[in-house]
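Shown here: work29.txt, compact mmCIF, N, CA and C atoms.
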```txt
# COMPACT_ATOMS: atom_id res chain seq x y z
N MET A 1 -235.78 82.39 87.62
CA MET A 1 -235.24 83.70 87.91
C MET A 1 -234.85 83.80 89.38
N LYS A 2 -235.66 83.20 90.24
CA LYS A 2 -235.39 83.23 91.68
C LYS A 2 -234.08 82.49 91.98
N ARG A 3 -233.84 81.38 91.29
CA ARG A 3 -232.60 80.62 91.50
C ARG A 3 -231.37 81.43 91.10
N ILE A 4 -231.48 82.19 90.03
CA ILE A 4 -230.36 83.01 89.57
C ILE A 4 -230.05 84.09 90.61
N ALA A 5 -231.08 84.69 91.16
CA ALA A 5 -230.88 85.72 92.18
C ALA A 5 -230.19 85.13 93.41
N ILE A 6 -230.61 83.95 93.82
CA ILE A 6 -229.99 83.28 94.98
C ILE A 6 -228.54 82.93 94.66
N LEU A 7 -228.29 82.41 93.47
CA LEU A 7 -226.93 82.06 93.06
C LEU A 7 -226.03 83.29 93.05
N VAL A 8 -226.50 84.40 92.50
CA VAL A 8 -225.72 85.64 92.47
C VAL A 8 -225.43 86.10 93.91
N PHE A 9 -226.42 86.02 94.78
CA PHE A 9 -226.24 86.42 96.17
C PHE A 9 -225.18 85.56 96.85
N VAL A 10 -225.22 84.26 96.66
CA VAL A 10 -224.25 83.34 97.27
C VAL A 10 -222.85 83.63 96.75
N ILE A 11 -222.70 83.82 95.46
CA ILE A 11 -221.38 84.10 94.88
C ILE A 11 -220.84 85.42 95.42
N CYS A 12 -221.65 86.46 95.45
CA CYS A 12 -221.20 87.76 95.95
C CYS A 12 -220.84 87.68 97.43
N SER A 13 -221.62 86.95 98.20
CA SER A 13 -221.33 86.79 99.62
C SER A 13 -220.02 86.05 99.83
N THR A 14 -219.77 85.04 99.02
CA THR A 14 -218.53 84.27 99.13
C THR A 14 -217.33 85.15 98.86
N PHE A 15 -217.37 85.95 97.79
CA PHE A 15 -216.24 86.83 97.48
C PHE A 15 -216.04 87.87 98.57
N ALA A 16 -217.10 88.40 99.11
CA ALA A 16 -216.98 89.41 100.16
C ALA A 16 -216.40 88.81 101.43
N ALA A 17 -216.79 87.60 101.76
CA ALA A 17 -216.31 86.95 102.99
C ALA A 17 -214.87 86.51 102.88
N CYS A 18 -214.41 86.17 101.70
CA CYS A 18 -213.06 85.65 101.52
C CYS A 18 -212.02 86.71 101.22
N SER A 19 -212.42 87.92 100.94
CA SER A 19 -211.43 88.91 100.53
C SER A 19 -210.62 89.40 101.73
N ASN A 20 -209.32 89.60 101.51
CA ASN A 20 -208.44 90.20 102.51
C ASN A 20 -208.59 91.70 102.44
N ASP A 21 -208.25 92.36 103.53
CA ASP A 21 -208.19 93.81 103.53
C ASP A 21 -206.89 94.19 102.85
N ASP A 22 -206.96 94.50 101.57
CA ASP A 22 -205.77 94.79 100.78
C ASP A 22 -205.42 96.27 100.79
N SER A 23 -206.01 97.02 101.70
CA SER A 23 -205.76 98.46 101.71
C SER A 23 -204.39 98.79 102.30
N THR A 24 -203.75 97.85 102.97
CA THR A 24 -202.42 98.08 103.53
C THR A 24 -201.51 96.91 103.19
N THR A 25 -200.21 97.17 103.18
CA THR A 25 -199.24 96.11 102.95
C THR A 25 -198.87 95.47 104.28
N GLN A 26 -198.21 94.34 104.20
CA GLN A 26 -197.76 93.66 105.41
C GLN A 26 -196.77 94.56 106.17
N GLU A 27 -195.93 95.26 105.46
CA GLU A 27 -194.95 96.15 106.09
C GLU A 27 -195.65 97.30 106.82
N GLU A 28 -196.70 97.85 106.21
CA GLU A 28 -197.45 98.93 106.85
C GLU A 28 -198.15 98.43 108.11
N ASP A 29 -198.75 97.25 108.01
CA ASP A 29 -199.40 96.67 109.19
C ASP A 29 -198.38 96.39 110.30
N ASN A 30 -197.22 95.89 109.91
CA ASN A 30 -196.18 95.60 110.89
C ASN A 30 -195.69 96.89 111.56
N ALA A 31 -195.56 97.96 110.78
CA ALA A 31 -195.14 99.25 111.33
C ALA A 31 -196.17 99.77 112.33
N ALA A 32 -197.45 99.59 112.03
CA ALA A 32 -198.50 100.01 112.96
C ALA A 32 -198.43 99.22 114.26
N LEU A 33 -198.13 97.92 114.16
CA LEU A 33 -197.97 97.10 115.36
C LEU A 33 -196.77 97.57 116.18
N LYS A 34 -195.70 97.95 115.51
CA LYS A 34 -194.51 98.43 116.22
C LYS A 34 -194.82 99.70 117.00
N VAL A 35 -195.60 100.60 116.39
CA VAL A 35 -196.00 101.84 117.08
C VAL A 35 -196.79 101.48 118.34
N MET A 36 -197.73 100.56 118.22
CA MET A 36 -198.53 100.13 119.37
C MET A 36 -197.64 99.53 120.45
N TYR A 37 -196.70 98.66 120.03
CA TYR A 37 -195.79 98.01 120.97
C TYR A 37 -194.94 99.05 121.71
N ASP A 38 -194.41 100.01 120.97
CA ASP A 38 -193.59 101.06 121.58
C ASP A 38 -194.38 101.87 122.60
N GLU A 39 -195.66 102.13 122.32
CA GLU A 39 -196.52 102.83 123.28
C GLU A 39 -196.69 102.01 124.55
N ILE A 40 -196.85 100.71 124.41
CA ILE A 40 -197.00 99.83 125.56
C ILE A 40 -195.73 99.82 126.40
N ILE A 41 -194.58 99.72 125.74
CA ILE A 41 -193.31 99.75 126.46
C ILE A 41 -193.16 101.07 127.21
N SER A 42 -193.54 102.16 126.58
CA SER A 42 -193.47 103.47 127.23
C SER A 42 -194.39 103.51 128.45
N LEU A 43 -195.63 103.04 128.29
CA LEU A 43 -196.58 103.03 129.41
C LEU A 43 -196.12 102.13 130.56
N SER A 44 -195.41 101.06 130.23
CA SER A 44 -194.99 100.09 131.25
C SER A 44 -193.96 100.65 132.21
N SER A 45 -193.27 101.71 131.80
CA SER A 45 -192.19 102.35 132.57
C SER A 45 -190.94 101.49 132.67
N ILE A 46 -190.80 100.49 131.80
CA ILE A 46 -189.61 99.63 131.80
C ILE A 46 -188.35 100.45 131.63
N LYS A 47 -188.40 101.41 130.71
CA LYS A 47 -187.20 102.18 130.39
C LYS A 47 -187.05 103.46 131.20
N SER A 48 -188.13 103.92 131.84
CA SER A 48 -188.07 105.21 132.53
C SER A 48 -187.93 105.11 134.04
N LEU A 49 -188.35 104.01 134.64
CA LEU A 49 -188.25 103.87 136.09
C LEU A 49 -187.18 102.86 136.47
N PRO A 50 -186.30 103.23 137.39
CA PRO A 50 -185.33 102.24 137.85
C PRO A 50 -186.03 101.19 138.71
N CYS A 51 -185.58 99.99 138.61
CA CYS A 51 -186.14 98.90 139.42
C CYS A 51 -185.28 98.73 140.66
N THR A 52 -185.87 99.06 141.81
CA THR A 52 -185.16 98.90 143.07
C THR A 52 -185.86 97.92 144.00
N ASN A 53 -187.14 97.69 143.75
CA ASN A 53 -187.92 96.77 144.56
C ASN A 53 -188.80 95.92 143.64
N PRO A 54 -188.51 94.63 143.54
CA PRO A 54 -189.29 93.78 142.62
C PRO A 54 -190.78 93.71 142.97
N GLU A 55 -191.14 94.01 144.20
CA GLU A 55 -192.54 94.00 144.61
C GLU A 55 -193.34 95.11 143.94
N GLU A 56 -192.64 96.08 143.37
CA GLU A 56 -193.30 97.20 142.69
C GLU A 56 -193.53 96.92 141.21
N TRP A 57 -193.25 95.69 140.79
CA TRP A 57 -193.36 95.31 139.38
C TRP A 57 -194.21 94.06 139.23
N ALA A 58 -194.88 93.96 138.08
CA ALA A 58 -195.66 92.77 137.72
C ALA A 58 -195.34 92.48 136.25
N PHE A 59 -196.00 91.49 135.67
CA PHE A 59 -195.78 91.19 134.26
C PHE A 59 -197.09 90.76 133.61
N THR A 60 -197.11 90.86 132.29
CA THR A 60 -198.29 90.47 131.53
C THR A 60 -197.88 89.88 130.19
N GLY A 61 -198.75 89.06 129.64
CA GLY A 61 -198.52 88.49 128.33
C GLY A 61 -198.78 89.53 127.25
N ILE A 62 -197.98 89.46 126.19
CA ILE A 62 -198.15 90.42 125.10
C ILE A 62 -197.94 89.71 123.77
N GLY A 63 -198.73 90.11 122.79
CA GLY A 63 -198.63 89.50 121.46
C GLY A 63 -199.43 88.22 121.37
N ALA A 64 -199.46 87.66 120.19
CA ALA A 64 -200.21 86.42 119.96
C ALA A 64 -199.45 85.59 118.94
N ARG A 65 -199.20 84.35 119.29
CA ARG A 65 -198.55 83.44 118.36
C ARG A 65 -199.57 83.00 117.31
N PRO A 66 -199.15 82.81 116.08
CA PRO A 66 -200.09 82.42 115.04
C PRO A 66 -200.87 81.14 115.36
N CYS A 67 -200.26 80.21 116.08
CA CYS A 67 -200.99 78.98 116.39
C CYS A 67 -201.73 79.08 117.72
N GLY A 68 -201.68 80.25 118.35
CA GLY A 68 -202.39 80.47 119.60
C GLY A 68 -201.45 80.67 120.77
N GLY A 69 -201.91 81.39 121.74
CA GLY A 69 -201.14 81.64 122.95
C GLY A 69 -200.38 82.95 122.90
N VAL A 70 -199.83 83.28 124.03
CA VAL A 70 -199.08 84.52 124.22
C VAL A 70 -197.72 84.42 123.53
N ALA A 71 -197.28 85.50 122.90
CA ALA A 71 -195.97 85.51 122.23
C ALA A 71 -194.83 85.67 123.23
N SER A 72 -195.01 86.56 124.21
CA SER A 72 -193.97 86.80 125.21
C SER A 72 -194.59 87.51 126.41
N TYR A 73 -193.73 87.86 127.36
CA TYR A 73 -194.17 88.57 128.56
C TYR A 73 -193.31 89.80 128.74
N ILE A 74 -193.91 90.84 129.32
CA ILE A 74 -193.14 92.05 129.64
C ILE A 74 -193.46 92.48 131.07
N PRO A 75 -192.47 93.05 131.76
CA PRO A 75 -192.74 93.60 133.09
C PRO A 75 -193.36 94.99 132.97
N TYR A 76 -194.06 95.40 134.03
CA TYR A 76 -194.58 96.77 134.09
C TYR A 76 -194.63 97.20 135.55
N ALA A 77 -194.48 98.49 135.75
CA ALA A 77 -194.51 99.05 137.10
C ALA A 77 -195.95 99.05 137.61
N LYS A 78 -196.13 98.65 138.85
CA LYS A 78 -197.47 98.61 139.44
C LYS A 78 -198.05 99.99 139.69
N GLY A 79 -197.20 101.02 139.67
CA GLY A 79 -197.65 102.38 139.93
C GLY A 79 -198.20 103.11 138.72
N ILE A 80 -198.21 102.48 137.56
CA ILE A 80 -198.73 103.13 136.35
C ILE A 80 -200.25 103.07 136.33
N ASN A 81 -200.85 103.70 135.35
CA ASN A 81 -202.30 103.59 135.15
C ASN A 81 -202.54 102.21 134.52
N ILE A 82 -202.82 101.24 135.36
CA ILE A 82 -202.93 99.85 134.92
C ILE A 82 -204.10 99.65 133.97
N THR A 83 -205.20 100.35 134.19
CA THR A 83 -206.36 100.22 133.30
C THR A 83 -206.00 100.64 131.88
N ALA A 84 -205.35 101.78 131.73
CA ALA A 84 -204.94 102.25 130.40
C ALA A 84 -203.92 101.29 129.79
N PHE A 85 -203.00 100.82 130.61
CA PHE A 85 -201.98 99.88 130.14
C PHE A 85 -202.62 98.58 129.64
N GLU A 86 -203.50 98.00 130.44
CA GLU A 86 -204.15 96.75 130.05
C GLU A 86 -205.01 96.92 128.81
N THR A 87 -205.64 98.08 128.66
CA THR A 87 -206.45 98.36 127.47
C THR A 87 -205.56 98.37 126.23
N LYS A 88 -204.39 99.01 126.32
CA LYS A 88 -203.45 99.04 125.19
C LYS A 88 -202.93 97.64 124.87
N VAL A 89 -202.61 96.88 125.90
CA VAL A 89 -202.09 95.52 125.68
C VAL A 89 -203.15 94.66 125.00
N LYS A 90 -204.38 94.77 125.46
CA LYS A 90 -205.46 93.98 124.86
C LYS A 90 -205.67 94.38 123.39
N ALA A 91 -205.64 95.67 123.10
CA ALA A 91 -205.80 96.14 121.73
C ALA A 91 -204.64 95.64 120.86
N TYR A 92 -203.44 95.68 121.41
CA TYR A 92 -202.26 95.19 120.68
C TYR A 92 -202.39 93.69 120.40
N ASN A 93 -202.75 92.93 121.44
CA ASN A 93 -202.89 91.48 121.26
C ASN A 93 -203.92 91.14 120.19
N ASN A 94 -205.04 91.86 120.20
CA ASN A 94 -206.07 91.65 119.18
C ASN A 94 -205.55 92.04 117.79
N ALA A 95 -204.79 93.12 117.72
CA ALA A 95 -204.24 93.56 116.43
C ALA A 95 -203.22 92.54 115.89
N VAL A 96 -202.41 91.98 116.78
CA VAL A 96 -201.44 90.96 116.35
C VAL A 96 -202.18 89.72 115.85
N GLU A 97 -203.22 89.32 116.56
CA GLU A 97 -204.00 88.17 116.14
C GLU A 97 -204.62 88.41 114.75
N ALA A 98 -205.15 89.61 114.53
CA ALA A 98 -205.73 89.95 113.23
C ALA A 98 -204.64 89.97 112.15
N PHE A 99 -203.47 90.49 112.48
CA PHE A 99 -202.34 90.52 111.56
C PHE A 99 -201.96 89.09 111.15
N ASN A 100 -201.86 88.20 112.13
CA ASN A 100 -201.51 86.81 111.85
C ASN A 100 -202.51 86.15 110.91
N LYS A 101 -203.79 86.43 111.12
CA LYS A 101 -204.82 85.86 110.26
C LYS A 101 -204.82 86.48 108.88
N LYS A 102 -204.72 87.80 108.83
CA LYS A 102 -204.75 88.51 107.55
C LYS A 102 -203.62 88.04 106.63
N TRP A 103 -202.44 87.87 107.20
CA TRP A 103 -201.28 87.51 106.40
C TRP A 103 -200.99 86.01 106.44
N GLU A 104 -201.93 85.25 107.02
CA GLU A 104 -201.85 83.79 107.04
C GLU A 104 -200.50 83.29 107.56
N LEU A 105 -200.08 83.87 108.69
CA LEU A 105 -198.80 83.48 109.28
C LEU A 105 -198.94 82.17 110.04
N PHE A 106 -197.84 81.49 110.20
CA PHE A 106 -197.81 80.26 111.00
C PHE A 106 -196.52 80.25 111.79
N SER A 107 -196.50 79.43 112.82
CA SER A 107 -195.31 79.32 113.65
C SER A 107 -195.30 77.95 114.31
N THR A 108 -194.22 77.69 115.01
CA THR A 108 -194.21 76.48 115.82
C THR A 108 -195.19 76.69 116.96
N CYS A 109 -195.69 75.64 117.50
CA CYS A 109 -196.75 75.77 118.50
C CYS A 109 -196.25 75.44 119.91
N GLU A 110 -195.03 75.87 120.21
CA GLU A 110 -194.55 75.69 121.57
C GLU A 110 -195.33 76.61 122.51
N VAL A 111 -195.40 76.21 123.75
CA VAL A 111 -196.05 77.03 124.76
C VAL A 111 -195.00 77.99 125.32
N THR A 112 -195.32 79.27 125.35
CA THR A 112 -194.42 80.27 125.90
C THR A 112 -194.41 80.14 127.41
N SER A 113 -193.22 79.99 127.99
CA SER A 113 -193.10 79.85 129.45
C SER A 113 -193.58 81.10 130.15
N VAL A 114 -194.29 80.89 131.25
CA VAL A 114 -194.78 81.99 132.07
C VAL A 114 -193.71 82.32 133.11
N PRO A 115 -193.34 83.58 133.25
CA PRO A 115 -192.34 83.94 134.26
C PRO A 115 -192.85 83.62 135.67
N LYS A 116 -191.92 83.39 136.57
CA LYS A 116 -192.27 83.13 137.97
C LYS A 116 -192.34 84.43 138.77
N ALA A 117 -191.50 85.41 138.36
CA ALA A 117 -191.43 86.66 139.12
C ALA A 117 -190.68 87.71 138.33
N VAL A 118 -190.62 88.90 138.91
CA VAL A 118 -189.80 89.98 138.38
C VAL A 118 -188.70 90.24 139.39
N ALA A 119 -187.48 90.38 138.90
CA ALA A 119 -186.34 90.72 139.75
C ALA A 119 -185.75 92.03 139.25
N CYS A 120 -185.04 92.73 140.13
CA CYS A 120 -184.34 93.94 139.74
C CYS A 120 -182.88 93.57 139.50
N VAL A 121 -182.43 93.68 138.26
CA VAL A 121 -181.07 93.35 137.89
C VAL A 121 -180.43 94.60 137.28
N GLU A 122 -179.43 95.10 137.96
CA GLU A 122 -178.74 96.32 137.53
C GLU A 122 -179.72 97.46 137.27
N GLY A 123 -180.72 97.58 138.13
CA GLY A 123 -181.68 98.67 138.04
C GLY A 123 -182.77 98.49 137.01
N LYS A 124 -182.84 97.32 136.40
CA LYS A 124 -183.85 97.07 135.37
C LYS A 124 -184.74 95.90 135.77
N PRO A 125 -186.05 96.00 135.48
CA PRO A 125 -186.93 94.86 135.77
C PRO A 125 -186.62 93.72 134.83
N THR A 126 -186.41 92.54 135.41
CA THR A 126 -186.04 91.36 134.63
C THR A 126 -186.96 90.21 134.99
N LEU A 127 -187.49 89.54 133.99
CA LEU A 127 -188.38 88.41 134.24
C LEU A 127 -187.57 87.19 134.62
N ILE A 128 -188.03 86.47 135.64
CA ILE A 128 -187.37 85.27 136.14
C ILE A 128 -188.23 84.07 135.75
N TYR A 129 -187.61 83.09 135.12
CA TYR A 129 -188.36 81.93 134.61
C TYR A 129 -188.08 80.64 135.38
N GLN A 130 -187.24 80.65 136.38
CA GLN A 130 -186.90 79.40 137.08
C GLN A 130 -187.78 79.15 138.27
```
The structure given in the file should be rewritten as structure tokens.
Amino acid sequence: MKRIAILVFVICSTFAACSNDDSTTQEEDNAALKVMYDEIISLSSIKSLPCTNPEEWAFTGIGARPCGGVASYIPYAKGINITAFETKVKAYNNAVEAFNKKWELFSTCEVTSVPKAVACVEGKPTLIYQ
């Protein structure tokens, strides 16, 4: 009887550990990520502040590639609430990583180039990779 109880426990644990969170669709999860991304872009001031001095801008990695590493980089104004911005970026990166795992996504495993600097091009912050 004890063996049956252990066997039932192991089987139930296995099913619980392997189940996906099926409460949302991939499209719904993707839409939630887009909302988070749009909030980050808004907080970064990319679209609201003109870029006149590149020293007033920095950049950070955003997103997560399925095989690991940063998906891309975005500029942000140094005058924003950086703590709130970094908190949102970290939450987004974690959410993208969870999305990739939940939906078993894969990608090529190239390393995303890190920008060298931010330049002001036609009043917009632009990442420089050379």
Next on the checklist: (-193.7, 74.4, 122.7) in this file's frame - what residues fall within 12 Å of it? Use only C-alpha atoms and give the answer as JSON, numbers by chain.
Outcome noted: {"A": [65, 67, 68, 69, 70, 71, 107, 108, 109, 110, 111, 112, 113]}
Exercise: Leu43 (chain A) partners within 8 Å, all atoms listed in the file, chain neighbours under 2 positions left out, as a PDB file with N, CA and C atoms, in the frame of the given file:
```pdb
ATOM      1  N   TYR A  37    -196.700  98.660 120.030  1.00  0.00           N
ATOM      2  CA  TYR A  37    -195.790  98.010 120.970  1.00  0.00           C
ATOM      3  C   TYR A  37    -194.940  99.050 121.710  1.00  0.00           C
ATOM      4  N   ASP A  38    -194.410 100.010 120.970  1.00  0.00           N
ATOM      5  CA  ASP A  38    -193.590 101.060 121.580  1.00  0.00           C
ATOM      6  C   ASP A  38    -194.380 101.870 122.600  1.00  0.00           C
ATOM      7  N   GLU A  39    -195.660 102.130 122.320  1.00  0.00           N
ATOM      8  CA  GLU A  39    -196.520 102.830 123.280  1.00  0.00           C
ATOM      9  C   GLU A  39    -196.690 102.010 124.550  1.00  0.00           C
ATOM     10  N   ILE A  40    -196.850 100.710 124.410  1.00  0.00           N
ATOM     11  CA  ILE A  40    -197.000  99.830 125.560  1.00  0.00           C
ATOM     12  C   ILE A  40    -195.730  99.820 126.400  1.00  0.00           C
ATOM     13  N   ILE A  41    -194.580  99.720 125.740  1.00  0.00           N
ATOM     14  CA  ILE A  41    -193.310  99.750 126.460  1.00  0.00           C
ATOM     15  C   ILE A  41    -193.160 101.070 127.210  1.00  0.00           C
ATOM     16  N   SER A  45    -193.270 101.710 131.800  1.00  0.00           N
ATOM     17  CA  SER A  45    -192.190 102.350 132.570  1.00  0.00           C
ATOM     18  C   SER A  45    -190.940 101.490 132.670  1.00  0.00           C
ATOM     19  N   ILE A  46    -190.800 100.490 131.800  1.00  0.00           N
ATOM     20  CA  ILE A  46    -189.610  99.630 131.800  1.00  0.00           C
ATOM     21  C   ILE A  46    -188.350 100.450 131.630  1.00  0.00           C
ATOM     22  N   LYS A  47    -188.400 101.410 130.710  1.00  0.00           N
ATOM     23  CA  LYS A  47    -187.200 102.180 130.390  1.00  0.00           C
ATOM     24  C   LYS A  47    -187.050 103.460 131.200  1.00  0.00           C
ATOM     25  N   TYR A  76    -194.060  95.400 134.030  1.00  0.00           N
ATOM     26  CA  TYR A  76    -194.580  96.770 134.090  1.00  0.00           C
ATOM     27  C   TYR A  76    -194.630  97.200 135.550  1.00  0.00           C
ATOM     28  N   ALA A  77    -194.480  98.490 135.750  1.00  0.00           N
ATOM     29  CA  ALA A  77    -194.510  99.050 137.100  1.00  0.00           C
ATOM     30  C   ALA A  77    -195.950  99.050 137.610  1.00  0.00           C
ATOM     31  N   ILE A  80    -198.210 102.480 137.560  1.00  0.00           N
ATOM     32  CA  ILE A  80    -198.730 103.130 136.350  1.00  0.00           C
ATOM     33  C   ILE A  80    -200.250 103.070 136.330  1.00  0.00           C
ATOM     34  N   ASN A  81    -200.850 103.700 135.350  1.00  0.00           N
ATOM     35  CA  ASN A  81    -202.300 103.590 135.150  1.00  0.00           C
ATOM     36  C   ASN A  81    -202.540 102.210 134.520  1.00  0.00           C
ATOM     37  N   ALA A  84    -205.350 101.780 131.730  1.00  0.00           N
ATOM     38  CA  ALA A  84    -204.940 102.250 130.400  1.00  0.00           C
ATOM     39  C   ALA A  84    -203.920 101.290 129.790  1.00  0.00           C
ATOM     40  N   PHE A  85    -203.000 100.820 130.610  1.00  0.00           N
ATOM     41  CA  PHE A  85    -201.980  99.880 130.140  1.00  0.00           C
ATOM     42  C   PHE A  85    -202.620  98.580 129.640  1.00  0.00           C
TER      43      PHE A  85
END
```
Next on the checklist: I'd like to know which of A:Gln130, A:Pro125, A:Lys90, A:Tyr73 is closest to Leu49 (chain A), using only N, CA and C atoms.
Outcome noted: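 Using only N, CA and C atoms, the shortest distance to Leu49 (chain A) belongs to A:Pro125.
As for CA of Lys34 (chain A) and CA of Ile62 (chain A), they are spaced 12.5 Å apart.
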Item to check | For Ala91 (chain A), the nearest of the candidates A:Asp22, A:Ala64, A:Thr126, A:Pro54, counting only C-alpha atoms | outcome: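 Smallest distance to Ala91 (chain A) is found for A:Ala64.
Going from CA of Cys51 (chain A) over to CA of Pro75 (chain A), you cover 10.6 Å.
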Checklist entry - Could you work out how far CA of Phe59 (chain A) lies from CA of Ser42 (chain A), giving the answer in Å with one decimal? => result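 Interatomic distance here is 14.3 Å.
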Next on the checklist: as a ChimeraX atom specification, please: every residue in chain A that a backbone DSSP assignment puts in helix (DSSP H, G or I).
Outcome noted: /A:2-18,26-44,54-56,82-102
Checklist entry - Given the choices A:Asn30, A:Ser72, A:Thr24, A:Thr52, which gets closest to Glu122 (chain A) if the distance is worked out from all atoms listed in the file? => result A:Thr52
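When only C-alpha atoms are used to measure the gap to Val35 (chain A), the shortest distance among A:Pro66, A:Lys116, A:Thr60, A:Ala95 belongs to A:Ala95.
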Checklist entry - Where does DSSP see strand (DSSP E) in region 26-60 of chain A, if you list the residues as JSON, numbers by chain? => result {"A": [57, 58, 59, 60]}
Output N, CA and C atoms of each residue in that selection to a file, as a short mmCIF file (atom, residue, chain, number, x, y, z; two decimals), in the coordinates of the input.
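Output below, filename result05.cif:
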```cif
data_model
loop_
_atom_site.label_atom_id
_atom_site.label_comp_id
_atom_site.auth_asym_id
_atom_site.auth_seq_id
_atom_site.Cartn_x
_atom_site.Cartn_y
_atom_site.Cartn_z
N TRP A 57 -193.25 95.69 140.79
CA TRP A 57 -193.36 95.31 139.38
C TRP A 57 -194.21 94.06 139.23
N ALA A 58 -194.88 93.96 138.08
CA ALA A 58 -195.66 92.77 137.72
C ALA A 58 -195.34 92.48 136.25
N PHE A 59 -196.00 91.49 135.67
CA PHE A 59 -195.78 91.19 134.26
C PHE A 59 -197.09 90.76 133.61
N THR A 60 -197.11 90.86 132.29
CA THR A 60 -198.29 90.47 131.53
C THR A 60 -197.88 89.88 130.19
#
```
Checklist entry - Can you find the residues with an atom no farther than 8 Å from (-187.3, 86.7, 138.3), counting only C-alpha atoms, and report them as a list in words? => result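 Answer for this query, in the requested form: Pro115, Lys116, Ala117, Val118, Ala119, Cys120, Thr126, Leu127, Ile128, Tyr129 and Gln130 of chain A.
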